[in-house]
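Next comes target_10.cif, a file with mmCIF, C-alpha atoms.
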```cif
data_upload
loop_
_atom_site.label_atom_id
_atom_site.label_comp_id
_atom_site.auth_asym_id
_atom_site.auth_seq_id
_atom_site.Cartn_x
_atom_site.Cartn_y
_atom_site.Cartn_z
CA MET A 1 -4.93 43.98 92.60
CA LYS A 2 -6.59 41.29 90.48
CA ARG A 3 -8.04 42.32 87.20
CA ALA A 4 -11.76 41.81 86.60
CA PRO A 5 -12.33 38.66 84.54
CA ASN A 6 -13.24 39.17 80.93
CA HIS A 7 -16.31 37.21 79.85
CA ASP A 8 -16.41 38.26 76.23
CA HIS A 9 -15.48 34.73 75.18
CA LEU A 10 -18.34 33.10 77.11
CA PRO A 11 -21.53 32.18 75.18
CA ALA A 12 -24.56 34.21 75.91
CA LEU A 13 -27.13 32.64 78.24
CA PRO A 14 -30.23 31.60 76.28
CA ALA A 15 -33.37 33.43 77.15
CA HIS A 16 -35.84 31.39 79.15
CA SER A 17 -39.25 31.03 77.66
CA PRO A 18 -42.23 31.48 79.99
CA SER A 19 -43.35 28.35 81.64
CA PRO A 20 -46.65 26.98 80.42
CA PRO A 21 -49.53 27.55 82.75
CA PRO A 22 -49.88 24.79 85.27
CA THR A 23 -52.39 22.17 84.64
CA PRO A 24 -55.19 22.42 87.15
CA PRO A 25 -55.36 19.43 89.37
CA VAL A 26 -58.12 16.99 89.02
CA ARG A 27 -60.53 17.28 91.81
CA GLY A 28 -61.66 14.23 93.38
CA PRO A 29 -64.85 13.90 95.25
CA SER A 30 -63.18 14.27 98.60
CA SER A 31 -60.16 16.47 97.84
CA PRO A 32 -60.27 20.03 98.92
CA THR A 33 -59.97 22.76 96.54
CA VAL A 34 -56.37 23.98 96.21
CA PRO A 35 -55.92 27.43 94.92
CA PRO A 36 -53.63 27.81 92.00
CA LYS A 37 -49.98 28.44 92.70
CA THR A 38 -48.98 31.86 91.74
CA SER A 39 -45.50 33.04 91.03
CA SER A 40 -43.81 35.13 93.63
CA PRO A 41 -43.25 38.73 92.76
CA SER A 42 -39.81 39.58 91.21
CA PRO A 43 -37.41 41.43 93.41
CA PRO A 44 -36.80 45.01 92.51
CA PRO A 45 -33.90 45.51 90.09
CA LYS A 46 -30.57 46.50 91.60
CA PRO A 47 -29.21 49.85 90.59
CA ALA A 48 -26.59 49.74 87.86
CA ARG A 49 -23.03 50.42 88.83
CA THR A 50 -21.68 53.76 87.76
CA HIS A 51 -18.22 54.87 86.76
CA SER A 52 -17.68 56.02 90.31
CA SER A 53 -18.19 52.51 91.70
CA ARG A 54 -15.15 51.15 93.52
CA ILE A 55 -15.57 47.63 92.01
CA PRO A 56 -15.14 47.69 88.23
CA ILE A 57 -17.50 45.79 85.99
CA ALA A 58 -15.84 43.33 83.65
CA ALA A 59 -16.15 44.23 80.01
CA GLY A 60 -18.85 42.27 78.22
CA ARG A 61 -20.90 41.55 81.35
CA THR A 62 -24.46 42.68 81.38
CA PRO A 63 -25.31 45.07 84.15
CA PRO A 64 -27.88 43.73 86.59
CA SER A 65 -30.33 46.44 85.63
CA GLN A 66 -30.39 45.11 82.06
CA ARG A 67 -30.70 41.47 82.93
CA ARG A 68 -33.99 39.73 82.65
CA VAL A 69 -35.26 38.22 85.80
CA ALA A 70 -35.28 34.49 85.48
CA THR A 71 -38.22 32.67 86.85
CA ILE A 72 -37.38 29.39 88.46
CA SER A 73 -39.91 26.99 87.40
CA THR A 74 -38.28 23.66 88.24
CA PRO A 75 -35.45 22.38 90.38
CA GLU A 76 -33.72 20.97 87.28
CA GLU A 77 -33.59 24.38 85.73
CA ALA A 78 -32.27 25.91 88.94
CA GLU A 79 -29.58 23.23 89.15
CA LEU A 80 -28.73 23.87 85.56
CA ARG A 81 -28.39 27.56 86.21
CA ARG A 82 -26.25 26.90 89.26
CA ARG A 83 -23.98 24.66 87.26
CA GLU A 84 -23.80 27.27 84.54
CA ALA A 85 -22.96 29.90 87.11
CA ARG A 86 -20.28 27.68 88.61
CA ARG A 87 -18.89 26.98 85.19
CA ARG A 88 -18.81 30.65 84.34
CA ALA A 89 -17.18 31.38 87.70
CA ALA A 90 -14.62 28.66 87.10
CA GLU A 91 -13.95 29.99 83.61
CA GLU A 92 -13.66 33.52 84.95
CA GLU A 93 -11.36 32.28 87.69
CA ALA A 94 -9.27 30.40 85.10
CA VAL A 95 -9.17 33.51 82.92
CA ALA A 96 -8.15 35.57 85.94
CA VAL A 97 -5.51 33.03 86.88
CA ARG A 98 -4.27 32.92 83.30
CA GLU A 99 -4.17 36.70 83.08
CA GLU A 100 -2.42 36.88 86.45
CA ALA A 101 0.06 34.27 85.25
CA GLN A 102 0.58 36.29 82.06
CA ARG A 103 1.03 39.43 84.13
CA GLN A 104 3.47 37.69 86.45
CA ALA A 105 5.26 36.26 83.42
CA ARG A 106 5.37 39.73 81.87
CA LEU A 107 6.65 41.23 85.14
CA LYS A 108 9.18 38.43 85.42
CA ARG A 109 10.21 38.99 81.80
CA GLU A 110 10.48 42.73 82.33
CA LYS A 111 12.43 42.12 85.51
CA ALA A 112 14.70 39.70 83.67
CA GLU A 113 15.11 42.22 80.85
CA ALA A 114 15.85 44.97 83.38
CA GLU A 115 18.33 42.71 85.15
CA ALA A 116 19.87 41.77 81.82
CA GLU A 117 20.07 45.45 80.86
CA TYR A 118 21.60 46.24 84.25
CA ALA A 119 24.02 43.34 83.80
CA ARG A 120 24.94 44.62 80.32
CA ALA A 121 25.37 48.15 81.66
CA GLU A 122 27.39 46.84 84.61
CA ALA A 123 29.49 44.71 82.27
CA ALA A 124 30.02 47.72 80.00
CA ARG A 125 30.94 49.85 83.01
CA LYS A 126 33.34 47.19 84.27
CA ALA A 127 34.77 46.82 80.78
CA ALA A 128 35.25 50.59 80.54
CA LEU A 129 36.77 50.63 84.04
CA ASP A 130 39.06 47.73 83.14
CA ALA A 131 40.02 49.50 79.93
CA GLU A 132 40.72 52.69 81.88
CA LEU A 133 42.74 50.73 84.44
CA ARG A 134 44.67 49.02 81.66
CA ARG A 135 45.25 52.35 79.96
CA ALA A 136 46.40 53.89 83.26
CA ALA A 137 48.64 50.87 83.93
CA GLU A 138 50.05 51.07 80.41
CA GLU A 139 50.59 54.81 80.83
CA ARG A 140 52.26 54.19 84.19
CA ARG A 141 54.48 51.50 82.68
CA ARG A 142 55.33 53.77 79.78
CA ARG A 143 56.11 56.65 82.15
CA GLU A 144 58.18 54.36 84.36
CA ALA A 145 60.02 53.09 81.29
CA VAL A 146 60.68 56.69 80.21
CA GLU A 147 61.84 57.55 83.72
CA ARG A 148 64.10 54.49 83.79
CA GLU A 149 65.52 55.45 80.41
CA ALA A 150 66.01 59.02 81.61
CA ALA A 151 67.65 57.79 84.82
CA ALA A 152 69.88 55.43 82.84
CA LEU A 153 70.76 58.24 80.43
CA GLU A 154 71.45 60.61 83.31
CA SER A 155 73.59 57.97 84.99
CA MET A 156 75.44 57.39 81.74
CA LEU A 157 75.92 61.13 81.26
CA ALA A 158 77.09 61.49 84.86
CA ALA A 159 79.54 58.64 84.34
CA GLU A 160 80.71 60.26 81.10
CA ARG A 161 81.10 63.62 82.85
CA LYS A 162 83.08 61.96 85.62
CA ARG A 163 85.25 60.21 83.04
CA GLN A 164 85.80 63.46 81.18
CA GLU A 165 86.53 65.23 84.46
CA ARG A 166 89.06 62.54 85.39
CA GLU A 167 90.55 62.75 81.93
CA ARG A 168 90.70 66.54 82.16
CA ARG A 169 92.33 66.39 85.58
CA ARG A 170 94.75 63.77 84.37
CA GLU A 171 95.63 65.90 81.36
CA GLU A 172 95.96 68.98 83.55
CA THR A 173 98.10 67.04 86.00
CA GLU A 174 100.28 65.76 83.20
CA LYS A 175 100.43 69.23 81.69
CA LEU A 176 101.31 70.71 85.08
CA GLN A 177 103.95 68.07 85.62
CA ARG A 178 105.40 68.73 82.17
CA TRP A 179 105.31 72.44 82.85
CA ARG A 180 106.95 71.92 86.24
CA LYS A 181 109.57 69.71 84.66
CA GLU A 182 110.14 72.32 81.96
CA LEU A 183 110.45 75.00 84.62
CA GLU A 184 112.83 72.84 86.58
CA ALA A 185 114.81 72.15 83.43
CA GLN A 186 114.82 75.86 82.59
CA SER A 187 115.79 76.69 86.16
CA ARG A 188 118.59 74.16 86.08
CA ALA A 189 119.69 75.50 82.70
CA GLN A 190 119.57 79.05 83.99
CA GLN A 191 121.40 78.10 87.14
CA LEU A 192 124.01 76.33 85.08
CA GLU A 193 124.21 79.27 82.72
CA ARG A 194 124.46 81.70 85.64
CA SER A 195 127.04 79.53 87.32
CA LEU A 196 129.10 79.40 84.17
CA TRP A 197 128.59 83.12 83.64
CA ARG A 198 129.55 83.88 87.24
CA GLU A 199 132.70 81.76 87.02
CA ARG A 200 133.70 83.46 83.80
CA VAL A 201 132.93 86.96 85.14
CA ASN A 202 134.73 86.27 88.39
CA ARG A 203 137.85 85.18 86.50
CA GLU A 204 137.70 88.22 84.28
CA ARG A 205 137.11 90.58 87.20
CA LYS A 206 139.97 89.08 89.19
CA GLU A 207 142.27 89.77 86.29
CA ARG A 208 140.83 93.26 85.92
CA ALA A 209 141.21 93.91 89.66
CA LYS A 210 144.88 92.95 89.53
CA GLY A 211 145.43 95.49 86.78
CA LEU A 212 143.57 98.22 88.70
CA GLN A 213 145.46 97.69 91.95
CA GLY A 214 148.44 99.57 90.57
CA LYS A 215 146.30 102.66 89.80
CA LYS A 216 145.28 103.44 93.33
CA VAL A 217 146.15 106.93 94.64
CA LYS A 218 146.61 108.53 98.03
CA THR A 219 144.89 111.80 98.84
CA PRO A 220 146.57 114.69 100.77
CA LYS A 221 144.64 113.50 103.78
CA GLY A 222 146.34 110.11 103.55
CA ILE A 223 143.27 108.25 102.26
CA ILE A 224 143.94 105.53 99.69
CA VAL A 225 141.46 105.73 96.77
CA LEU A 226 141.20 102.68 94.54
CA LEU A 227 138.82 104.11 91.94
CA THR A 228 136.79 107.23 91.19
CA GLY A 229 133.98 107.95 88.78
CA TRP A 230 130.31 108.66 88.39
CA VAL A 231 127.39 106.47 89.43
CA THR A 232 123.62 106.96 89.60
CA VAL A 233 122.22 105.72 92.90
CA GLN A 234 118.68 104.93 93.97
CA SER A 235 117.62 107.27 96.76
CA GLU A 236 117.08 106.03 100.29
CA ASP A 237 113.30 106.25 99.87
CA TYR A 238 113.63 104.19 96.63
CA LEU A 239 111.52 106.75 94.74
CA SER A 240 114.13 108.56 92.67
CA TRP A 241 117.65 108.32 91.22
CA LYS A 242 120.56 110.61 92.11
CA ARG A 243 123.77 111.05 90.10
CA ARG A 244 126.78 111.00 92.41
CA HIS A 245 130.54 111.09 92.21
CA PHE A 246 132.10 108.13 94.03
CA GLU A 247 135.40 107.24 95.59
CA LEU A 248 136.14 103.59 96.21
CA ARG A 249 138.41 103.41 99.23
CA GLU A 250 139.94 100.46 101.01
CA ASP A 251 137.04 100.22 103.44
CA ALA A 252 134.09 102.12 101.89
CA LEU A 253 132.30 103.44 98.85
CA VAL A 254 131.83 107.17 99.42
CA LEU A 255 129.39 109.30 97.39
CA PHE A 256 129.73 113.03 96.74
CA LYS A 257 127.52 115.53 95.05
CA ASP A 258 130.27 116.54 92.64
CA ALA A 259 133.93 115.83 91.91
CA GLU A 260 135.33 118.86 93.75
CA GLY A 261 138.03 117.96 96.23
CA ASP A 262 136.47 119.89 99.09
CA SER A 263 132.99 118.34 98.74
CA GLN A 264 131.52 116.69 101.79
CA PRO A 265 130.43 113.06 101.56
CA LEU A 266 126.68 112.63 101.09
CA GLU A 267 126.54 108.90 101.77
CA THR A 268 129.01 106.19 102.71
CA PHE A 269 128.63 102.43 102.13
CA LEU A 270 131.03 100.60 104.41
CA LEU A 271 132.34 97.52 102.63
CA SER A 272 131.96 95.56 105.84
CA ARG A 273 128.17 96.05 105.55
CA VAL A 274 128.01 94.80 101.98
CA GLN A 275 126.66 91.24 102.02
CA ARG A 276 126.31 90.61 98.33
CA ILE A 277 126.63 92.26 94.93
CA ARG A 278 123.56 91.45 92.78
CA GLU A 279 123.09 91.64 89.01
CA TRP A 280 120.13 90.77 86.84
CA GLN A 281 121.95 87.70 85.54
CA ASP A 282 121.93 86.40 89.14
CA GLY A 283 118.12 86.52 89.29
CA PHE A 284 117.65 90.18 90.19
CA GLU A 285 115.31 90.67 87.21
CA GLU A 286 114.22 94.20 88.10
CA LEU A 287 117.66 95.44 87.05
CA GLU A 288 117.40 93.94 83.58
CA PRO A 289 115.76 97.00 81.93
CA THR A 290 118.52 99.28 83.29
CA PRO A 291 121.87 98.99 81.46
CA ASN A 292 125.12 98.76 83.47
CA SER A 293 123.17 98.29 86.71
CA PHE A 294 123.89 96.36 89.89
CA ALA A 295 122.69 96.31 93.49
CA LEU A 296 124.33 96.14 96.92
CA GLU A 297 122.69 94.10 99.69
CA LEU A 298 123.56 95.80 102.98
CA LYS A 299 123.33 94.49 106.48
CA GLY A 300 120.45 95.99 108.45
CA GLU A 301 118.49 97.03 105.35
CA ARG A 302 115.58 95.05 103.97
CA ASP A 303 115.98 96.06 100.30
CA ALA A 304 119.06 96.27 98.17
CA ARG A 305 120.38 99.65 96.95
CA SER A 306 120.42 99.77 93.16
CA MET A 307 122.82 101.86 91.06
CA PHE A 308 124.26 101.99 87.56
CA THR A 309 127.30 103.48 85.83
CA ASP A 310 127.59 105.45 82.65
CA THR A 311 129.38 102.71 80.71
CA ALA A 312 129.84 98.96 80.90
CA ASP A 313 133.60 99.40 81.38
CA ASP A 314 133.01 101.68 84.39
CA LYS A 315 130.72 99.03 85.84
CA GLU A 316 133.23 96.23 85.33
CA ASN A 317 136.06 98.29 86.91
CA LEU A 318 133.95 99.17 89.96
CA LEU A 319 132.60 95.63 90.43
CA ALA A 320 136.05 94.10 89.91
CA LEU A 321 137.47 96.10 92.82
CA LEU A 322 134.33 95.65 94.96
CA SER A 323 134.37 91.88 94.32
CA SER A 324 137.95 91.71 95.48
CA LYS A 325 136.97 93.39 98.75
CA VAL A 326 133.53 91.70 99.25
CA SER A 327 132.74 87.98 99.25
CA THR A 328 130.13 87.39 96.58
CA ARG A 329 127.69 84.65 97.37
#
```
Give the structure from this file in structure tokens form.
Amino acid sequence: MKRAPNHDHLPALPAHSPSPPPTPPVRGPSSPTVPPKTSSPSPPPKPARTHSSRIPIAAGRTPPSQRRVATISTPEEAELRRREARRRAAEEEAVAVREEAQRQARLKREKAEAEAEYARAEAARKAALDAELRRAAEERRRREAVEREAAALESMLAAERKRQERERRREETEKLQRWRKELEAQSRAQQLERSLWRERVNRERKERAKGLQGKKVKTPKGIIVLLTGWVTVQSEDYLSWKRRHFELREDALVLFKDAEGDSQPLETFLLSRVQRIREWQDGFEELEPTPNSFALELKGERDARSMFTDTADDKENLLALLSSKVSTR
């Protein structure tokens, strides 16, 4: 909506002085009498505009009710007033145009300022967003670098663990091989020692058996007894030990409860059933804690029957005669 033009800068219209009374015409002898020309009555004043009027009154303009009614006396004066009115209208229009231009310029300036402010805010927002994106990218790169370092470290640790595990296995393998070699060497040494011991014992027992052959006796029943004595035998259930008197005959080892001549045999070991005579030096280690002990491996029995004599000499005499009757393997 256009603003009402401001006329404060316009010069005030000079007040018109009353026209001088008209000069009465000169009557000629034949001219009719013309009545004097009277001024037309002034139109009634228009009511002044109030504050409730829809069209505002420009500041500095005189309300119509306060204006003096101009009396047109001549056409020149009317033309002058028309020109003045046109001039004032043109000035008012120029003022209005200038004010409108100023308003448009102000609106344009405000719009430009608003756009500049929006551009600055948008630039700041983009700058903040770019900074946040750069920070996030930098954080992502840093995290990825940390993860790569952690992965590289884990890979290095895994490789080191594998190397240590290979080294440990190699050492264990070498240690096991050394231990196996030591066991084999010990076994060979023991076998050699046992072989030498067995050869020596066999020679000694053969000599002893030759000397004992001449001491054999014949009982009233016609039984040839090579050797008698006492021996402690493991029971048949292998849970206890029984002391028995023995007679070594040509074909059997007979056990009695006592040494009385009329005693009945409690157990008989036929020499034909004896497969092998075992001693702890031959690898029968369970006999090692028991002095003067030996064991007979019998056909048909899963476990050997262990026994021991009272003295080492009794053991050697018994084993010398048994060895001469049984093939020791």
Checklist line | the PyMOL selection byres ((chain A and resi 253-255) around 6) resolved against shown file, as JSON, numbers by chain | finding: {"A": [244, 245, 246, 247, 248, 252, 256, 265, 266, 267, 268, 269]}
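Here CA of Lys315 in chain A and CA of Asn292 in chain A stand 6.1 Å from one another.
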Next item on the list: To verify the selection step, state as a PyMOL selection string which residues the PyMOL selection byres ((chain A and resi 308) around 8) yields on this input.
Entry: chain A and resi 231-233+290-294+306-307+309-310+315
Writer output for current selection, C-alpha atoms, as a CSV table (one decimal), keeping the file's coordinate frame:
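Once written, part.csv looks like this:
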```csv
chain,number,residue,atom,x,y,z
A,231,VAL,CA,127.4,106.5,89.4
A,232,THR,CA,123.6,107.0,89.6
A,233,VAL,CA,122.2,105.7,92.9
A,290,THR,CA,118.5,99.3,83.3
A,291,PRO,CA,121.9,99.0,81.5
A,292,ASN,CA,125.1,98.8,83.5
A,293,SER,CA,123.2,98.3,86.7
A,294,PHE,CA,123.9,96.4,89.9
A,306,SER,CA,120.4,99.8,93.2
A,307,MET,CA,122.8,101.9,91.1
A,309,THR,CA,127.3,103.5,85.8
A,310,ASP,CA,127.6,105.4,82.6
A,315,LYS,CA,130.7,99.0,85.8
```
Next item on the list: Give me the residues within 6 Å of Ala304 in chain A as a ChimeraX atom specification, counting all atoms listed in the file and dropping any in the same chain fewer than 4 places off.
Entry: /A:295-297
Check: When the PyMOL selection byres ((chain A and resi 283) around 12) is applied to the file above, which residues end up in the set, as a PyMOL selection string?
Finding: chain A and resi 187+190-191+193-195+198+277-282+284-288+294-295
Check: What is the distance, in Å and to one decimal place, between CA of Arg276 in chain A and CA of Leu318 in chain A?
Finding: 14.2 Å
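When the distance limit is 9 Å and all atoms listed in the file are what count, the residues near Ile224 in chain A, minus those fewer than 6 positions from it on the same chain, are Lys216, Val217, Lys218, Leu248, Arg249 and Glu250 of chain A.
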